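The next block is work-v2.cif, given as mmCIF, C-alpha atoms.
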```cif
data_query
loop_
_atom_site.label_atom_id
_atom_site.label_comp_id
_atom_site.auth_asym_id
_atom_site.auth_seq_id
_atom_site.Cartn_x
_atom_site.Cartn_y
_atom_site.Cartn_z
CA MET L 1 0.00 0.00 0.00
CA ALA L 2 1.71 3.18 -1.18
CA LEU L 3 1.15 5.99 1.28
CA ARG L 4 4.34 7.96 0.80
CA TYR L 5 4.22 11.41 -0.73
CA ILE L 6 7.02 12.31 -3.14
CA ASP L 7 7.26 15.82 -4.50
CA SER L 8 7.97 15.61 -8.23
CA LEU L 9 6.27 17.86 -10.70
CA LEU L 10 3.80 16.54 -13.29
CA GLU L 11 2.42 19.88 -14.36
CA GLU L 12 1.99 23.52 -13.53
CA PHE L 13 -0.81 25.67 -14.78
CA LEU L 14 -2.04 29.20 -14.43
CA GLY L 15 -4.88 30.27 -12.18
CA VAL L 16 -5.75 33.23 -10.00
CA GLY L 17 -4.27 34.24 -6.66
CA ILE L 18 -6.18 34.52 -3.41
CA ASP L 19 -7.25 38.04 -4.38
CA GLY L 20 -9.30 36.50 -7.19
CA HIS L 21 -7.60 38.31 -10.07
CA SER L 22 -3.78 38.23 -9.92
CA HIS L 23 -1.91 35.51 -11.81
CA GLN L 24 -0.87 32.47 -9.80
CA THR L 25 0.87 29.28 -10.84
CA PHE L 26 -0.58 26.04 -9.43
CA TYR L 27 1.57 22.93 -9.08
CA LEU L 28 0.57 19.34 -9.52
CA PRO L 29 3.16 16.76 -8.39
CA SER L 30 3.22 13.45 -10.22
CA ASP L 31 3.36 11.39 -7.02
CA SER L 32 0.20 12.87 -5.62
CA ILE L 33 -3.52 12.30 -5.66
CA ILE L 34 -3.65 12.33 -9.45
CA ASN L 35 -1.26 9.40 -9.66
CA TRP L 36 -3.32 7.46 -7.10
CA ILE L 37 -6.52 8.17 -9.02
CA HIS L 38 -4.94 6.84 -12.18
CA ALA L 39 -3.30 3.84 -10.53
CA THR L 40 -6.58 2.75 -8.94
CA GLY L 41 -8.44 3.03 -12.25
CA ASN L 42 -10.92 5.52 -10.82
CA SER L 43 -12.28 6.96 -14.07
CA SER L 44 -14.97 8.85 -12.15
CA LEU L 45 -12.35 10.93 -10.36
CA VAL L 46 -10.46 11.36 -13.63
CA GLU L 47 -13.64 12.91 -15.05
CA ASP L 48 -13.72 15.32 -12.11
CA ALA L 49 -10.00 16.07 -12.51
CA TRP L 50 -10.64 17.59 -15.94
CA PHE L 51 -12.44 20.43 -14.13
CA VAL L 52 -9.70 21.29 -11.62
CA PRO L 53 -7.92 23.88 -13.84
CA ASP L 54 -11.28 25.62 -14.43
CA ILE L 55 -11.73 26.21 -10.72
CA CYS L 56 -8.13 27.40 -10.23
CA LEU L 57 -8.63 29.90 -13.04
CA SER L 58 -12.25 30.93 -12.45
CA PRO L 59 -13.33 30.25 -8.88
CA VAL L 60 -16.51 31.65 -7.41
CA GLY L 61 -15.01 31.82 -3.93
CA ILE L 62 -11.64 31.38 -2.20
CA TRP L 63 -11.23 30.50 1.45
CA ARG L 64 -8.43 29.76 3.92
CA GLY L 65 -8.25 27.15 6.67
CA LEU L 66 -9.99 23.83 7.35
CA GLN L 67 -10.54 24.48 11.08
CA ARG L 68 -8.28 21.60 12.05
CA LYS L 69 -4.92 21.79 13.74
CA GLY L 70 -2.17 22.29 11.18
CA GLN L 71 -4.64 23.03 8.39
CA GLU L 72 -4.97 26.75 9.01
CA ASN L 73 -3.25 27.79 5.80
CA ILE L 74 -4.82 25.43 3.29
CA ARG L 75 -6.50 27.36 0.49
CA ILE L 76 -9.84 26.22 -0.86
CA TYR L 77 -10.98 27.27 -4.31
CA GLY L 78 -14.61 26.58 -5.12
CA GLY L 79 -17.10 27.06 -7.88
CA ILE L 80 -18.92 25.57 -10.83
CA PRO L 81 -16.54 24.43 -13.60
CA THR L 82 -16.79 26.06 -17.00
CA GLY L 83 -15.54 22.95 -18.82
CA ASN L 84 -13.09 25.12 -20.75
CA PHE L 85 -10.04 23.00 -19.95
CA ALA L 86 -11.70 19.75 -21.06
CA ARG L 87 -13.07 21.57 -24.11
CA ASP L 88 -9.57 22.79 -25.04
CA TYR L 89 -8.44 19.17 -25.18
CA ASN L 90 -11.52 17.91 -27.02
CA MET L 91 -12.82 15.92 -24.07
CA ILE L 92 -16.18 17.63 -24.29
CA ALA L 93 -17.87 19.33 -27.21
CA GLY L 94 -19.80 22.58 -27.12
CA GLU L 95 -21.93 22.94 -24.01
CA ASP L 96 -21.95 19.19 -23.34
CA ILE L 97 -20.66 19.37 -19.76
CA THR L 98 -21.80 17.01 -17.03
CA ILE L 99 -21.75 18.93 -13.77
CA PRO L 100 -23.85 17.26 -11.07
CA SER L 101 -26.77 19.45 -10.16
CA GLY L 102 -26.67 21.15 -6.77
CA LYS L 103 -22.92 20.57 -6.41
CA VAL L 104 -19.78 22.69 -6.57
CA LEU L 105 -16.20 21.60 -7.12
CA LEU L 106 -13.73 22.31 -4.32
CA VAL L 107 -9.98 22.30 -4.93
CA PHE L 108 -7.72 22.20 -1.86
CA VAL L 109 -4.25 23.68 -2.31
CA SER L 110 -1.23 24.19 -0.07
CA PRO L 111 0.06 27.68 0.79
CA GLU L 112 2.56 27.09 -2.04
CA PHE L 113 -0.36 26.41 -4.41
CA GLN L 114 0.27 22.74 -4.75
CA ILE L 115 -2.94 20.85 -5.59
CA ALA L 116 -3.72 18.52 -2.68
CA LYS L 117 -7.17 17.12 -3.45
CA PHE L 118 -10.50 17.98 -5.05
CA ARG L 119 -14.11 16.82 -4.98
CA PHE L 120 -17.63 17.86 -5.74
CA ASP L 121 -19.39 19.05 -2.63
CA GLU L 122 -22.94 19.96 -1.67
CA ALA L 123 -23.90 23.47 -2.77
CA ASP L 124 -25.32 26.11 -0.49
CA THR L 125 -29.09 26.19 -0.88
CA ALA L 126 -29.32 29.98 -0.93
CA THR L 127 -26.23 30.51 -3.14
CA PRO L 128 -25.92 27.39 -5.32
CA SER L 129 -22.58 28.34 -6.85
CA LEU L 130 -20.94 28.21 -3.41
CA PRO L 131 -20.35 25.25 -1.07
CA LEU L 132 -22.76 24.39 1.75
CA ASN L 133 -22.14 26.50 4.87
CA TYR L 134 -19.40 28.38 3.04
CA SER L 135 -19.52 31.27 5.49
CA THR L 136 -18.79 29.12 8.56
CA ARG L 137 -16.97 25.93 7.55
CA PHE L 138 -13.63 27.54 6.69
CA THR L 139 -11.42 29.75 8.83
CA GLU L 140 -11.54 32.82 6.60
CA GLN L 141 -13.23 33.90 3.41
CA LEU L 142 -10.51 35.42 1.22
CA TRP L 143 -12.48 36.39 -1.86
CA LEU L 144 -15.92 36.05 -3.41
CA GLN L 145 -16.89 36.78 -6.98
CA ASN L 146 -18.70 40.14 -7.13
CA SER L 147 -21.98 38.60 -8.19
CA GLN L 148 -21.99 36.45 -5.02
CA THR L 149 -21.78 39.36 -2.61
CA SER L 150 -24.94 41.10 -1.54
CA MET V 1 -1.53 25.25 -21.33
CA ALA V 2 -1.39 22.19 -19.13
CA THR V 3 -0.66 19.70 -21.85
CA LYS V 4 1.14 17.15 -19.67
CA PHE V 5 -1.78 17.07 -17.26
CA ALA V 6 -4.26 16.63 -20.10
CA ASN V 7 -2.20 13.86 -21.67
CA PHE V 8 -1.93 12.15 -18.30
CA LEU V 9 -5.71 12.23 -17.85
CA LYS V 10 -6.18 10.77 -21.33
CA GLN V 11 -4.03 7.72 -20.63
CA PRO V 12 -5.81 4.36 -20.47
CA LEU V 13 -6.69 3.28 -16.93
CA PRO V 14 -6.21 -0.08 -15.24
CA SER V 15 -9.21 -1.89 -13.75
CA PHE V 16 -10.69 -0.19 -10.70
CA SER V 17 -9.25 -1.24 -7.35
CA VAL V 18 -9.87 -0.16 -3.76
CA ASN V 19 -6.66 1.27 -2.35
CA PRO V 20 -6.71 3.97 0.33
CA TYR V 21 -4.63 7.09 -0.16
CA TYR V 22 -3.04 9.25 2.49
CA GLU V 23 -2.99 12.88 1.37
CA SER V 24 -0.29 14.53 3.45
CA ILE V 25 -0.99 18.22 2.78
CA THR V 26 -4.51 18.04 4.21
CA ASP V 27 -3.64 15.09 6.49
CA SER V 28 -6.53 13.00 5.24
CA LEU V 29 -7.11 9.41 4.23
CA LEU V 30 -9.30 8.78 1.19
CA VAL V 31 -11.11 5.52 0.45
CA TYR V 32 -13.26 4.97 -2.63
CA THR V 33 -15.01 1.59 -2.74
CA ARG V 34 -16.69 2.04 -6.13
CA ASN V 35 -15.89 3.74 -9.42
CA GLU V 36 -18.85 6.10 -9.45
CA ARG V 37 -19.21 9.88 -9.86
CA SER V 38 -19.75 11.19 -6.35
CA TYR V 39 -19.96 14.20 -4.08
CA ALA V 40 -18.78 14.82 -0.53
CA LYS V 41 -21.15 14.96 2.45
CA ARG V 42 -19.51 16.35 5.57
CA ILE V 43 -20.27 14.30 8.67
CA SER V 44 -17.87 15.98 11.08
CA LYS V 45 -14.60 17.89 11.04
CA HIS V 46 -12.90 14.48 11.05
CA PHE V 47 -15.15 12.53 8.72
CA THR V 48 -16.72 12.87 5.27
CA ILE V 49 -18.55 10.33 3.16
CA PHE V 50 -18.82 10.24 -0.63
CA LEU V 51 -22.24 9.53 -2.12
CA ALA V 52 -23.14 8.73 -5.72
CA ASN V 53 -24.42 11.65 -7.78
CA SER V 54 -26.95 9.35 -9.40
CA ASP V 55 -28.72 7.91 -6.34
CA ASP V 56 -26.94 9.06 -3.14
CA THR V 57 -25.65 5.57 -2.37
CA PHE V 58 -22.36 5.08 -0.52
CA VAL V 59 -19.18 5.37 -2.63
CA GLY V 60 -16.40 6.03 -0.12
CA PHE V 61 -15.20 8.01 2.85
CA GLU V 62 -12.49 10.32 4.10
CA ILE V 63 -10.85 10.49 7.50
CA LYS V 64 -9.57 14.01 8.14
CA GLY V 65 -6.93 14.98 10.69
CA VAL V 66 -5.28 11.57 10.63
CA ASN V 67 -2.35 12.64 12.80
CA ASP V 68 -4.67 13.97 15.47
CA ILE V 69 -6.65 10.75 15.45
CA CYS V 70 -3.55 8.57 15.69
CA LYS V 71 -2.35 10.61 18.64
CA ALA V 72 -5.80 10.50 20.23
CA ILE V 73 -5.91 6.73 19.91
CA ASP V 74 -2.57 6.64 21.69
CA SER V 75 -3.76 8.75 24.58
CA GLU V 76 -5.22 7.26 27.70
CA GLY V 77 -8.16 9.66 27.60
CA MET V 78 -9.28 8.52 24.19
CA ARG V 79 -9.00 4.90 25.23
CA GLN V 80 -11.59 5.61 27.84
CA ILE V 81 -13.86 7.25 25.29
CA VAL V 82 -13.73 4.63 22.57
CA GLY V 83 -13.37 1.66 24.88
CA PRO V 84 -12.16 -1.57 23.30
CA PHE V 85 -11.68 0.00 19.89
CA ALA V 86 -8.67 2.00 21.04
CA VAL V 87 -6.61 -1.03 21.91
CA GLU V 88 -7.14 -3.07 18.79
CA PHE V 89 -3.65 -2.65 17.46
CA GLU V 90 -2.23 -5.59 15.61
CA ASP V 91 1.52 -5.83 15.17
CA GLY V 92 1.84 -2.08 15.65
CA ARG V 93 -0.54 -1.28 12.79
CA PHE V 94 -3.64 0.85 12.88
CA GLN V 95 -6.87 -0.75 11.84
CA LEU V 96 -8.82 1.67 9.72
CA SER V 97 -12.04 0.63 11.42
CA ILE V 98 -10.68 2.03 14.69
CA MET V 99 -9.89 5.33 13.06
CA VAL V 100 -13.40 5.47 11.62
CA LYS V 101 -14.79 4.94 15.08
CA VAL V 102 -12.79 7.82 16.49
CA ALA V 103 -13.41 10.07 13.50
CA THR V 104 -17.17 9.70 13.78
CA ILE V 105 -17.33 10.69 17.45
CA ASN V 106 -19.26 13.94 17.82
CA SER V 107 -20.59 13.79 14.26
CA GLU V 108 -22.47 16.90 13.22
CA VAL V 109 -24.58 14.91 10.78
CA ALA V 110 -25.83 11.45 11.68
CA LEU V 111 -24.78 8.56 9.46
CA ASN V 112 -27.76 6.35 8.74
CA GLY V 113 -27.49 2.66 9.61
CA THR V 114 -26.76 1.52 6.07
CA GLU V 115 -24.10 4.17 5.55
CA PHE V 116 -22.37 3.26 8.79
CA GLU V 117 -22.42 -0.45 7.97
CA LEU V 118 -20.91 0.25 4.55
CA VAL V 119 -18.19 2.44 6.05
CA GLU V 120 -17.35 -0.24 8.61
CA GLN V 121 -17.35 -2.92 5.94
CA ALA V 122 -15.02 -0.85 3.73
CA ALA V 123 -12.69 -0.10 6.62
CA LYS V 124 -12.52 -3.67 7.89
CA GLY V 125 -9.22 -5.34 7.29
CA LEU V 126 -7.44 -2.21 6.08
CA LYS V 127 -4.39 -1.55 8.23
CA PHE V 128 -1.60 0.97 8.13
CA GLU V 129 1.90 1.15 9.41
CA ARG V 130 1.98 3.76 12.12
CA ASP V 131 5.03 5.50 10.61
CA GLU V 132 3.30 5.91 7.27
CA LEU V 133 0.59 8.05 8.80
CA LEU V 134 2.37 9.96 11.51
CA THR V 135 4.27 12.71 9.76
CA CYS V 136 4.97 15.08 12.61
#
```
Represent the structure from my file as structure tokens, please.
Amino acid sequence: MALRYIDSLLEEFLGVGIDGHSHQTFYLPSDSIINWIHATGNSSLVEDAWFVPDICLSPVGIWRGLQRKGQENIRIYGGIPTGNFARDYNMIAGEDITIPSGKVLLVFVSPEFQIAKFRFDEADTATPSLPLNYSTRFTEQLWLQNSQTS
Amino acid sequence: MATKFANFLKQPLPSFSVNPYYESITDSLLVYTRNERSYAKRISKHFTIFLANSDDTFVGFEIKGVNDICKAIDSEGMRQIVGPFAVEFEDGRFQLSIMVKVATINSEVALNGTEFELVEQAAKGLKFERDELLTC
């Protein structure tokens, strides 16, 4: 059972910083969750992985901290994927994008913007482009898209 | 453009297998028991389950704060809380079912009976070397 984490780079791609508009490079190590997803043949998570760059580039909200010891500086990017990354690589055509209804994609990154993990999560009932309890579940809200603020 | 990432995602996959993954940055242990599109349902700050998008059936679970849980299992206080589960070490390895038990204490959302049985079933028999999980 491989549980060791080895930091070797598979890819880096451009997204936005925690202010929601500056340029920020995100890092994806090869010996990380993406390698595990592939090695375990989890095609469902591979489908989700196609949407990770969308969220790093066009999040709806950015938060800091998982409210657990040692997790205070994790960044969480959340939103509804555009499908643009998968579209760029001909994995989906036109508007044919399968986003589960009532869900948002969360991408968890280190303070150095290394992708740690990602998953679809329940959406907030009042603001369906944001995660459930988004205002209380994380330590700090760093940025929200203008249209999400009242 | 993230061409290497895209090419990696396009590679053919092996058959699906259940193999837990320890994610060190967020100190969490991920277990997927089925190859099914899913979403996360938070049960507590230490526990999340994954449910199928199609019909909300159980797909997997996540134990969060693994280091804290390992240390808690070690402590005398936690032994008193979880009773016999805290002492079920075998050859110095953690049984995942014990960690599940600890992680679900003080759940904010109740697991239903079926969900809990499926989590326990998935966790049964999975063991980890202590040094592989304790990183600090």
Atomic distance CA of Tyr27 in chain L - CA of Phe5 in chain V, expressed in Å with one decimal: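 Separating CA of Tyr27 in chain L from CA of Phe5 in chain V is a distance of 10.6 Å.
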Distance in Å - CA of Ile49 in chain V versus CA of Glu62 in chain V: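 Between these atoms lies a distance of 6.1 Å.
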Pick from V:Ile63, V:Ala52, V:Ile69, V:Ala2 nearest to chain L, counting all atoms listed in the file: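 Checking each of V:Ile63, V:Ala52, V:Ile69, V:Ala2 against chain L, counting all atoms listed in the file, the winner is V:Ala2.
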Answer key for the PyMOL selection byres ((chain L) within 6 of (chain V)), residues as a PyMOL selection string: chain L and resi 3+11+13+40-42+44+120-121
Target residues per the PyMOL selection byres ((chain L and resi 82) around 10), formatted as a list in words: Phe51, Pro53, Asp54, Ile55, Leu57, Ser58, Pro59, Gly79, Ile80, Pro81, Gly83, Asn84, Phe85, Ala86, Arg87, Glu95, Ile97 and Ile99 of chain L
Explicit residue set for the PyMOL selection byres ((chain L and resi 24) around 6), as a PyMOL selection string: chain L and resi 14-17+23+25
V:Thr114, V:Phe61, V:Asp56, V:Glu120 ranked by distance to Ser44 in chain V, top pick (using all atoms listed in the file):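 Smallest separation from Ser44 in chain V among the options: V:Phe61.
Put simply, CA of Val60 in chain L is 13.3 Å away from CA of Leu132 in chain L.
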Selection near Ser8 in chain L, 10 Å with all atoms listed in the file, sequence-local residues under 5 positions removed, as a list in words: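 The residues satisfying every condition are Tyr27, Leu28, Pro29, Ser30, Asp31 and Ser32 of chain L.
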Contacts of range 63-75 of chain L within 7 Å, all atoms listed in the file, excl. fewer than 6 positions in-chain, as a list in words: Phe108, Val109, Ser110, Pro111, Phe138, Thr139, Glu140, Gln141, Leu142 and Trp143 of chain L; Thr26 and Gly65 of chain V
